[in-house]
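Novice: Supplied structure: final_1.cif, mmCIF, C-alpha atoms.
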```cif
data_my_file
#
loop_
_atom_site.label_atom_id
_atom_site.label_comp_id
_atom_site.auth_asym_id
_atom_site.auth_seq_id
_atom_site.Cartn_x
_atom_site.Cartn_y
_atom_site.Cartn_z
CA MET A 1 -93.85 89.28 71.50
CA PRO A 2 -95.72 86.09 72.42
CA THR A 3 -97.23 85.78 75.87
CA GLN A 4 -95.79 83.19 78.20
CA PRO A 5 -97.84 79.97 78.17
CA LYS A 6 -98.65 78.03 81.30
CA LEU A 7 -95.85 75.49 81.35
CA PHE A 8 -95.68 74.31 84.92
CA PRO A 9 -97.86 71.92 86.88
CA ASP A 10 -99.80 73.15 89.90
CA SER A 11 -97.56 71.23 92.30
CA SER A 12 -97.47 72.27 95.92
CA SER A 13 -94.14 72.96 97.60
CA GLU A 14 -94.78 69.98 99.88
CA ASN A 15 -95.07 67.65 96.90
CA LEU A 16 -91.87 69.00 95.38
CA LEU A 17 -90.00 68.56 98.65
CA ALA A 18 -91.29 65.02 99.01
CA ALA A 19 -90.12 64.21 95.50
CA ALA A 20 -86.75 65.81 96.18
CA GLY A 21 -86.32 63.46 99.11
CA ASP A 22 -86.25 60.56 96.66
CA LEU A 23 -83.08 62.03 95.15
CA GLY A 24 -81.06 60.71 98.07
CA PRO A 25 -79.19 62.48 100.87
CA ARG A 26 -75.85 63.19 99.22
CA PHE A 27 -74.69 66.65 98.17
CA GLY A 28 -73.31 66.92 94.63
CA LEU A 29 -74.10 66.73 90.92
CA LEU A 30 -76.92 64.41 89.93
CA PRO A 31 -76.22 61.49 87.55
CA ARG A 32 -78.35 60.65 84.53
CA GLU A 33 -80.53 58.25 86.54
CA LYS A 34 -81.57 61.11 88.84
CA ILE A 35 -82.10 63.41 85.85
CA HIS A 36 -84.59 60.80 84.60
CA PHE A 37 -86.24 61.06 88.02
CA LEU A 38 -86.48 64.87 87.73
CA LEU A 39 -88.25 64.35 84.41
CA ARG A 40 -90.71 61.82 85.81
CA ARG A 41 -91.59 64.08 88.74
CA GLY A 42 -92.20 67.18 86.61
CA MET A 43 -89.16 69.12 87.83
CA ILE A 44 -87.93 69.26 84.24
CA LEU A 45 -90.62 69.97 81.65
CA SER A 46 -90.58 70.39 77.90
CA LEU A 47 -92.73 71.61 75.04
CA ALA A 48 -91.61 68.51 73.08
CA PRO A 49 -90.78 64.98 74.28
CA ILE A 50 -87.24 64.66 75.62
CA ASP A 51 -85.06 62.20 73.71
CA ASP A 52 -83.00 59.83 75.84
CA ALA A 53 -79.95 60.85 73.77
CA GLN A 54 -80.19 64.30 75.40
CA ILE A 55 -79.34 62.83 78.79
CA GLN A 56 -75.58 62.52 79.36
CA PRO A 57 -73.86 60.88 82.36
CA ALA A 58 -74.16 64.09 84.41
CA SER A 59 -76.06 66.60 82.26
CA LEU A 60 -79.06 67.24 80.04
CA ASP A 61 -78.74 68.71 76.54
CA LEU A 62 -81.05 71.69 76.06
CA ARG A 63 -82.85 72.39 72.77
CA LEU A 64 -83.65 75.61 70.96
CA GLY A 65 -87.29 76.56 70.61
CA ALA A 66 -89.13 77.78 67.52
CA ARG A 67 -88.15 81.48 67.64
CA ALA A 68 -84.92 83.43 67.94
CA TYR A 69 -84.80 87.13 68.81
CA ARG A 70 -81.96 89.29 67.59
CA VAL A 71 -80.99 91.86 70.21
CA ARG A 72 -78.76 94.92 70.17
CA ALA A 73 -76.57 93.68 73.00
CA SER A 74 -76.18 90.98 75.61
CA PHE A 75 -78.22 91.49 78.76
CA LEU A 76 -79.38 90.00 82.03
CA PRO A 77 -82.99 90.54 83.13
CA GLY A 78 -82.10 91.61 86.66
CA LYS A 79 -83.98 91.04 89.87
CA ASP A 80 -87.78 90.75 89.54
CA LYS A 81 -87.72 91.06 85.74
CA THR A 82 -88.35 88.41 83.10
CA VAL A 83 -86.36 87.81 79.93
CA LEU A 84 -89.54 88.38 77.89
CA ASP A 85 -89.92 91.82 79.53
CA GLN A 86 -86.44 92.77 78.35
CA LEU A 87 -86.93 91.29 74.87
CA THR A 88 -89.96 93.52 74.38
CA VAL A 89 -87.62 96.49 74.65
CA LEU A 90 -84.38 95.12 73.19
CA LYS A 91 -85.32 92.82 70.30
CA SER A 92 -84.71 94.13 66.80
CA ASP A 93 -85.88 91.09 64.82
CA GLU A 94 -87.80 87.83 65.29
CA ILE A 95 -86.53 84.76 63.41
CA ASP A 96 -88.38 81.52 62.66
CA LEU A 97 -86.33 78.38 63.43
CA GLU A 98 -88.91 75.85 62.22
CA GLY A 99 -88.29 73.69 59.16
CA ASP A 100 -84.97 74.55 57.49
CA GLY A 101 -84.01 76.77 60.40
CA ALA A 102 -82.23 80.09 60.04
CA ILE A 103 -78.73 81.53 59.88
CA LEU A 104 -77.40 83.34 62.93
CA GLU A 105 -74.80 85.83 61.72
CA ARG A 106 -71.39 86.00 63.37
CA GLY A 107 -70.88 89.06 65.50
CA CYS A 108 -74.58 89.36 66.34
CA VAL A 109 -76.39 88.47 69.57
CA TYR A 110 -79.56 86.36 69.73
CA VAL A 111 -81.81 85.12 72.52
CA VAL A 112 -83.76 81.90 72.02
CA PRO A 113 -86.41 80.50 74.40
CA LEU A 114 -85.61 76.82 74.98
CA LEU A 115 -87.96 73.85 74.77
CA GLU A 116 -87.03 72.75 78.29
CA HIS A 117 -88.32 74.47 81.45
CA LEU A 118 -87.79 73.92 85.16
CA SER A 119 -89.85 73.60 88.32
CA LEU A 120 -87.20 72.82 90.93
CA PRO A 121 -87.50 72.22 94.69
CA GLU A 122 -85.42 74.27 97.10
CA SER A 123 -82.85 71.48 97.36
CA ILE A 124 -81.91 71.59 93.66
CA SER A 125 -79.99 74.22 91.68
CA ALA A 126 -78.46 73.99 88.22
CA VAL A 127 -75.53 75.25 86.19
CA ALA A 128 -75.07 75.30 82.42
CA ASN A 129 -72.32 75.51 79.83
CA PRO A 130 -71.97 75.17 76.05
CA LYS A 131 -71.64 71.68 74.62
CA SER A 132 -68.17 70.69 73.41
CA SER A 133 -69.16 70.98 69.75
CA THR A 134 -70.58 74.46 70.39
CA GLY A 135 -67.37 75.69 71.96
CA ARG A 136 -65.23 74.27 69.16
CA LEU A 137 -67.32 76.21 66.63
CA ASP A 138 -66.64 79.39 68.63
CA ILE A 139 -70.33 79.95 69.36
CA PHE A 140 -70.55 81.98 72.55
CA THR A 141 -73.60 80.52 74.33
CA ARG A 142 -74.94 81.26 77.82
CA LEU A 143 -78.05 80.30 79.76
CA ILE A 144 -80.40 83.01 81.07
CA THR A 145 -83.24 82.63 83.57
CA ASP A 146 -85.89 85.09 84.69
CA SER A 147 -85.00 87.47 87.55
CA SER A 148 -81.34 86.49 87.29
CA GLU A 149 -78.28 88.68 87.73
CA VAL A 150 -75.78 86.04 86.52
CA PHE A 151 -75.42 83.85 83.44
CA ASP A 152 -75.38 80.03 83.40
CA HIS A 153 -76.65 79.59 86.96
CA VAL A 154 -80.16 78.51 87.99
CA ALA A 155 -81.10 79.33 91.57
CA ARG A 156 -82.35 76.71 94.02
CA GLY A 157 -86.11 76.29 93.66
CA TYR A 158 -86.33 78.10 90.32
CA THR A 159 -89.59 77.74 88.41
CA GLY A 160 -89.66 79.26 84.96
CA GLN A 161 -88.48 79.30 81.40
CA LEU A 162 -84.92 78.89 80.16
CA TYR A 163 -83.27 80.94 77.42
CA ALA A 164 -80.04 80.68 75.47
CA GLU A 165 -78.01 83.73 74.53
CA ILE A 166 -76.14 82.90 71.32
CA SER A 167 -73.39 84.90 69.64
CA PRO A 168 -71.44 83.17 66.85
CA ARG A 169 -67.89 84.54 66.83
CA SER A 170 -65.91 82.93 63.99
CA PHE A 171 -68.53 81.37 61.72
CA SER A 172 -72.15 82.17 60.91
CA VAL A 173 -74.24 79.12 61.79
CA ARG A 174 -77.54 77.61 60.76
CA VAL A 175 -79.66 76.44 63.69
CA HIS A 176 -83.06 74.76 63.91
CA LYS A 177 -85.82 74.23 66.42
CA GLY A 178 -84.42 71.37 68.50
CA SER A 179 -80.72 72.17 67.90
CA ARG A 180 -78.65 71.45 71.00
CA LEU A 181 -76.03 74.09 71.84
CA ASN A 182 -75.78 73.99 75.61
CA GLN A 183 -76.30 71.57 78.48
CA ILE A 184 -77.42 71.81 82.08
CA ARG A 185 -76.40 69.87 85.16
CA PHE A 186 -78.21 69.69 88.47
CA ARG A 187 -76.73 70.03 91.93
CA ARG A 188 -78.40 68.59 95.02
CA TRP A 189 -78.01 70.55 98.27
CA ASN A 190 -78.81 69.87 101.87
CA SER A 191 -79.24 72.38 104.68
CA GLN A 192 -75.58 72.10 105.74
CA GLN A 193 -74.39 73.26 102.29
CA PHE A 194 -76.79 76.14 101.59
CA ASN A 195 -73.99 78.67 102.14
CA VAL A 196 -71.34 76.80 100.12
CA THR A 197 -69.83 78.74 97.21
CA ASP A 198 -66.80 76.57 96.33
CA PHE A 199 -67.70 73.09 95.10
CA GLY A 200 -64.27 71.95 93.92
CA LEU A 201 -62.13 69.29 95.54
CA ASP A 202 -59.07 70.77 97.24
CA ASP A 203 -55.54 69.89 96.18
CA ARG A 204 -55.05 67.44 99.06
CA GLU A 205 -58.09 65.45 97.95
CA LEU A 206 -56.97 65.53 94.32
CA ARG A 207 -53.50 64.24 95.18
CA GLN A 208 -55.04 61.40 97.16
CA ARG A 209 -57.37 60.52 94.29
CA HIS A 210 -54.44 60.54 91.84
CA GLU A 211 -52.54 58.13 94.07
CA GLU A 212 -55.53 55.79 94.06
CA LYS A 213 -56.19 56.05 90.32
CA ARG A 214 -54.26 58.37 88.04
CA LEU A 215 -56.00 61.56 86.91
CA VAL A 216 -53.32 62.41 84.32
CA ASP A 217 -50.77 60.33 82.47
CA GLY A 218 -47.77 62.43 83.50
CA GLU A 219 -46.67 64.26 86.61
CA LEU A 220 -49.50 65.73 88.69
CA HIS A 221 -49.41 69.54 89.02
CA LEU A 222 -51.91 71.18 91.37
CA ARG A 223 -52.75 74.81 92.13
CA HIS A 224 -56.32 75.19 93.35
CA GLY A 225 -57.18 72.47 90.81
CA LEU A 226 -55.41 70.34 88.22
CA ILE A 227 -52.96 72.35 86.10
CA LEU A 228 -52.85 71.62 82.36
CA ARG A 229 -49.99 72.51 80.02
CA ILE A 230 -50.11 73.32 76.33
CA ALA A 231 -48.78 70.87 73.73
CA LEU A 232 -46.95 72.60 70.85
CA ASP A 233 -44.40 69.88 70.12
CA GLY A 234 -44.61 67.80 66.96
CA GLU A 235 -43.37 64.74 68.85
CA THR A 236 -46.45 64.93 71.07
CA LEU A 237 -49.18 65.81 68.56
CA GLY A 238 -47.63 65.24 65.14
CA PRO A 239 -46.92 67.78 62.39
CA VAL A 240 -50.14 69.77 63.11
CA ILE A 241 -50.33 71.19 66.63
CA GLY A 242 -53.46 73.31 66.28
CA TYR A 243 -55.98 75.06 64.04
CA ARG A 244 -56.89 78.70 63.50
CA ALA A 245 -60.36 79.67 62.29
CA GLN A 246 -60.62 81.30 58.88
CA LYS A 247 -62.36 84.67 58.77
CA HIS A 248 -64.63 84.38 55.72
CA THR A 249 -66.43 81.07 55.23
CA ASP A 250 -69.82 79.63 54.42
CA PRO A 251 -72.24 79.09 57.33
CA ILE A 252 -72.11 75.83 59.28
CA ASP A 253 -75.27 73.87 60.04
CA VAL A 254 -74.89 72.82 63.67
CA ASP A 255 -76.99 69.68 63.12
CA ARG A 256 -74.85 68.28 60.26
CA VAL A 257 -72.19 65.84 61.50
CA GLY A 258 -69.10 65.08 59.41
CA ALA A 259 -70.39 67.26 56.57
CA TYR A 260 -67.65 69.87 56.15
CA GLU A 261 -64.10 69.91 54.78
CA LEU A 262 -61.56 71.08 57.30
CA LYS A 263 -59.63 73.13 54.71
CA ASP A 264 -62.69 75.29 53.99
CA PHE A 265 -62.91 76.60 57.57
CA TRP A 266 -59.57 76.11 59.35
CA GLU A 267 -55.89 76.86 58.84
CA PRO A 268 -53.72 74.04 60.24
CA ILE A 269 -50.87 75.27 62.44
CA ALA A 270 -47.62 73.40 61.80
CA ALA A 271 -45.25 72.48 64.60
CA ARG A 272 -42.22 74.80 64.80
CA ASN A 273 -38.69 73.93 65.80
CA ASP A 274 -38.81 76.49 68.63
CA ARG A 275 -42.09 74.91 69.89
CA ARG A 276 -43.77 78.30 70.17
CA LEU A 277 -47.02 79.88 69.00
CA ILE A 278 -47.91 83.58 69.01
CA LEU A 279 -51.60 84.16 69.68
CA ASP A 280 -52.92 87.08 67.64
CA PRO A 281 -55.55 89.18 69.48
CA GLY A 282 -59.10 88.26 68.51
CA GLU A 283 -58.12 85.10 66.59
CA PHE A 284 -59.66 81.76 67.55
CA TYR A 285 -57.50 78.66 68.00
CA ILE A 286 -58.09 74.98 68.70
CA LEU A 287 -55.16 73.57 70.70
CA ALA A 288 -54.59 70.58 73.00
CA SER A 289 -53.12 69.80 76.40
CA GLN A 290 -49.91 67.86 76.96
CA GLU A 291 -51.65 65.74 79.55
CA ARG A 292 -54.06 62.96 78.86
CA MET A 293 -56.79 62.92 81.50
CA HIS A 294 -59.27 60.60 83.16
CA ILE A 295 -62.36 61.75 85.06
CA PRO A 296 -63.31 59.12 87.68
CA PRO A 297 -66.90 57.80 87.74
CA ASP A 298 -67.81 59.66 90.94
CA LEU A 299 -66.40 63.02 89.83
CA ALA A 300 -67.05 65.60 87.12
CA ALA A 301 -64.71 68.40 86.10
CA GLU A 302 -64.86 71.88 84.63
CA MET A 303 -62.18 74.00 82.96
CA ILE A 304 -61.78 77.50 84.37
CA PRO A 305 -62.28 79.62 81.21
CA ILE A 306 -60.22 82.68 82.20
CA ASP A 307 -57.38 82.81 84.73
CA PRO A 308 -55.50 86.15 84.49
CA SER A 309 -52.59 84.69 86.47
CA MET A 310 -51.81 82.44 83.47
CA GLY A 311 -52.27 85.05 80.72
CA GLU A 312 -54.82 87.39 79.19
CA PHE A 313 -56.66 84.78 77.15
CA ARG A 314 -59.69 82.56 77.35
CA VAL A 315 -58.91 78.84 77.17
CA HIS A 316 -62.34 77.23 77.06
CA TYR A 317 -65.95 77.95 76.15
CA ALA A 318 -67.31 74.45 76.79
CA GLY A 319 -65.38 73.32 79.81
CA PHE A 320 -67.44 70.48 81.32
CA PHE A 321 -66.10 66.92 81.46
CA ASP A 322 -68.50 64.09 82.28
CA PRO A 323 -67.66 61.17 84.58
CA GLY A 324 -65.70 58.57 82.63
CA PHE A 325 -64.18 61.04 80.14
CA GLY A 326 -60.75 59.73 79.13
CA PHE A 327 -61.29 56.23 80.50
CA SER A 328 -59.17 53.52 78.87
CA PRO A 329 -59.24 49.76 79.54
CA ASP A 330 -55.57 49.71 80.61
CA GLY A 331 -56.20 52.33 83.28
CA VAL A 332 -53.97 54.97 81.69
CA PRO A 333 -55.72 58.35 81.23
CA GLY A 334 -56.76 58.40 77.59
CA ALA A 335 -57.99 61.82 76.37
CA ARG A 336 -56.35 65.20 75.99
CA GLY A 337 -58.08 68.40 76.90
CA VAL A 338 -58.98 70.28 73.73
CA LEU A 339 -58.69 74.01 74.29
CA GLU A 340 -60.66 76.82 72.63
CA VAL A 341 -58.25 79.71 72.92
CA ARG A 342 -58.72 83.41 72.20
CA SER A 343 -56.17 86.04 73.23
CA HIS A 344 -57.31 89.48 74.42
CA GLU A 345 -55.81 92.92 73.90
CA VAL A 346 -52.20 92.00 73.04
CA PRO A 347 -50.30 89.24 71.18
CA PHE A 348 -49.26 86.48 73.55
CA ILE A 349 -46.45 83.94 73.15
CA LEU A 350 -47.16 80.36 74.17
CA GLU A 351 -44.32 77.87 74.62
CA ASP A 352 -44.62 74.10 74.69
CA GLY A 353 -45.33 72.97 78.25
CA GLN A 354 -46.53 76.37 79.44
CA VAL A 355 -49.40 76.39 81.92
CA ILE A 356 -52.58 76.95 79.91
CA GLY A 357 -55.55 76.00 82.08
CA ARG A 358 -56.90 74.76 85.39
CA LEU A 359 -59.37 71.94 85.88
CA MET A 360 -61.69 71.92 88.90
CA PHE A 361 -63.16 68.61 90.05
CA GLU A 362 -66.56 68.28 91.75
CA LYS A 363 -68.18 65.32 93.47
CA MET A 364 -71.17 63.56 92.02
CA ALA A 365 -74.03 62.83 94.41
CA GLU A 366 -73.54 59.28 93.11
CA ALA A 367 -71.71 57.76 90.16
CA PRO A 368 -73.80 57.36 86.98
CA GLN A 369 -74.47 53.82 85.80
CA VAL A 370 -73.53 54.80 82.24
CA LEU A 371 -70.25 56.72 81.87
CA TYR A 372 -69.05 59.00 79.11
CA GLY A 373 -67.94 56.87 76.17
CA GLN A 374 -70.41 54.09 76.97
CA ALA A 375 -73.30 55.91 75.28
CA GLY A 376 -73.73 56.47 71.55
CA SER A 377 -73.43 60.28 71.69
CA SER A 378 -69.89 60.44 73.13
CA ASN A 379 -68.05 62.15 70.26
CA TYR A 380 -64.79 63.02 72.00
CA GLN A 381 -63.80 59.98 74.05
CA GLY A 382 -60.12 59.16 73.64
CA GLN A 383 -59.55 62.43 71.76
CA GLY A 384 -56.28 64.02 70.83
CA LEU A 385 -56.23 67.31 68.94
CA LYS A 386 -59.73 67.28 67.43
CA LEU A 387 -62.12 69.75 65.83
CA SER A 388 -65.86 69.59 66.39
CA LYS A 389 -67.88 66.67 65.06
CA HIS A 390 -69.02 68.73 62.05
CA PHE A 391 -65.69 68.34 60.21
CA LYS A 392 -64.08 65.47 58.34
CA MET A 393 -60.78 64.86 60.15
CA SER A 394 -59.33 62.13 57.90
#
```
Have the structure of the file written as structure tokens, please.
Specialist:
Amino acid sequence: MPTQPKLFPDSSSENLLAAAGDLGPRFGLLPREKIHFLLRRGMILSLAPIDDAQIQPASLDLRLGARAYRVRASFLPGKDKTVLDQLTVLKSDEIDLEGDGAILERGCVYVVPLLEHLSLPESISAVANPKSSTGRLDIFTRLITDSSEVFDHVARGYTGQLYAEISPRSFSVRVHKGSRLNQIRFRRWNSQQFNVTDFGLDDRELRQRHEEKRLVDGELHLRHGLILRIALDGETLGPVIGYRAQKHTDPIDVDRVGAYELKDFWEPIAARNDRRLILDPGEFYILASQERMHIPPDLAAEMIPIDPSMGEFRVHYAGFFDPGFGFSPDGVPGARGVLEVRSHEVPFILEDGQVIGRLMFEKMAEAPQVLYGQAGSSNYQGQGLKLSKHFKMS
């Protein structure tokens, strides 16, 4: 096991706090311009130069480092322990990701140190999630930090390395040093919000925002967030209303875009006259929402992955929506929510129009100058039912 290099500058807490003051006074998620600022001030560091294409309207793509460690089971380091401490005990193999990369086998669990590292002031925390393309490949990916007891959350003032836990579920995948599977977004706090645990806009605020500028193209349904309904009708989506992952396929290289034939990896699901779909336990489906959405420039949104009140299934692995997602010039919400669905324990019947998910909206500290869809790496703007960018859809 390699020793941890010295990755962080010898910055005093006073200097970090002074730099944090330049981030502005507003509580909320930081836009790409402020992420650039975090980079310039050494709050985000990297073992390799960060490409501007990694920086999205409200998030930063994280990159895999040069080594992956296969482990017997998923884990969290726990309080006062590092991930490297646990890997010393739990790793069963060390895999080189340089050059041609390596195949991560489906059903196995891997931990990969990332190229990016953090040295945050007390006023900044972070949260992570898989990228959209990662979720649509059914790659279960979570962020781990040292001394943490939860996944995907970075505590205020954290200084240390970042790690990705990776477990391919449907397909084995080839990854490389520099592959981007998850993304991180940064939340600015002030002293009045240090005890806040719920960051979502309430239903009253969402209804008011919808009246000002529509959030969905149809009727607005709210229940502790924006309710989304499943589309299983051929009149809405066409003759194919979803896809189910095949069980035995070749590996997929996560860095190859538009390189794979759909028929070699997915079974199209045809629309039925009864507008129903039975989810088989353990199977992985790509489906879509009835609603077309729009995320306003000063908001971001996240899909709640599991809501037992709606059914015993997971509806999203990569549930973050950047500001500007679904924008259309005519002002009508322009993109459906694509859902990564896996049923648990028992078969479950879905009917067209059934409640399938819940979208929580969160305020940006300020609106980004470049919205989703205005940058070259926006692969899913204006989407309908769509697989990941790796597949030829025409």
Novice: Let me make sure I understand: among A:Phe327, A:Tyr285, A:Phe37, A:Phe361, which one has the smallest atom-to-atom distance to Lys213 of chain A if we use all atoms listed in the file?
Specialist: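 The answer is A:Phe327, which sits nearest to Lys213 of chain A.
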Novice: What's the 10 Å shell around Asp250 of chain A, counting only C-alpha atoms, without same-chain residues fewer than 6 positions away, as number ranges by chain?
Specialist: A: 171-173, 264-265
Novice: Go through the shown structure with the PyMOL selection byres ((chain A and resi 30) around 12) and write out the matching residues as number ranges by chain.
Specialist: A: 20, 23-29, 31-38, 55-60, 123-127, 184-189, 298-300, 322-323, 362-369
Novice: Kindly indicate which residue among A:Ala270, A:Ala231, A:Leu137, A:Leu120 lies nearest to Gly160 of chain A, using only C-alpha atoms for the distances.
Specialist: A:Leu120
Novice: Go through the shown structure with the PyMOL selection byres ((chain A and resi 175) around 12) and write out the matching residues as an MDAnalysis selection string.
Specialist: chainID A and resid 63:68 95:105 110 112 134 139 166 168 172:174 176:181 251:256
Novice: Do a neighbour search on Ser147 of chain A at 10 Å with only C-alpha atoms, toss out local chain neighbours closer than 6 positions, and write the hits as a compact mmCIF listing (two decimals) with C-alpha atoms, in the coordinates of the input.
Specialist:
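Writing the result to out-v3.txt gives the following:
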```txt
# COMPACT_ATOMS: atom_id res chain seq x y z
CA LEU A 76 -79.38 90.00 82.03
CA PRO A 77 -82.99 90.54 83.13
CA GLY A 78 -82.10 91.61 86.66
CA LYS A 79 -83.98 91.04 89.87
CA ASP A 80 -87.78 90.75 89.54
CA LYS A 81 -87.72 91.06 85.74
CA THR A 82 -88.35 88.41 83.10
CA VAL A 83 -86.36 87.81 79.93
CA ALA A 155 -81.10 79.33 91.57
CA TYR A 158 -86.33 78.10 90.32
CA GLY A 160 -89.66 79.26 84.96
```
Novice: For atom CA of Gly258 of chain A and atom CA of His390 of chain A, quote the distance in Å rounded to one decimal.
Specialist: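 These atoms are spaced 4.5 Å apart.
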Novice: Between atom CA of Gly242 of chain A and atom CA of Pro281 of chain A, what is the distance in Å, rounded to a tenth?
Specialist: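 Between these atoms lies a distance of 16.3 Å.
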Novice: Measure the distance from atom CA of Leu143 of chain A to atom CA of Ala335 of chain A in Å and round it to one decimal.
Specialist: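 Interatomic distance, atom CA of Leu143 of chain A to atom CA of Ala335 of chain A: 27.5 Å.
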Novice: What does the PyMOL selection byres ((chain A and resi 225) around 6) select in this file, as a list in words?
Specialist: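 So the PyMOL selection byres ((chain A and resi 225) around 6), applied here, picks out Leu222, Arg223, His224, Leu226, Arg358, Leu359 and Met360 of chain A.
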Novice: Please list as a PyMOL selection string every residue within 9 Å of Ser46 of chain A, counting only C-alpha atoms and excluding residues in the same chain fewer than 5 positions away.
Specialist: chain A and resi 7+114-118
Novice: Excluding Lys392 of chain A and residues on its chain fewer than 6 positions from it, collect all residues at most 9 Å away from it, counting all atoms listed in the file, and give them as a ChimeraX atom specification.
Specialist: /A:257-262
Novice: Can you list, as a list in words, every protein, DNA or RNA residue that comes within 6 Å of segment 289-292 of chain A when you count all atoms listed in the file, leaving out same-chain residues fewer than 4 positions away?
Specialist: Val216, Asp217, Arg229, Ile230, Ala231, Pro333, Gly334, Ala335, Arg336 and Gly337 of chain A
Novice: Between A:Ile349, A:Ile295, A:Asn182, A:Arg136, which is the closest to Asp61 of chain A once you count all atoms listed in the file?
Specialist: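 Closest to Asp61 of chain A of all the choices is A:Asn182.
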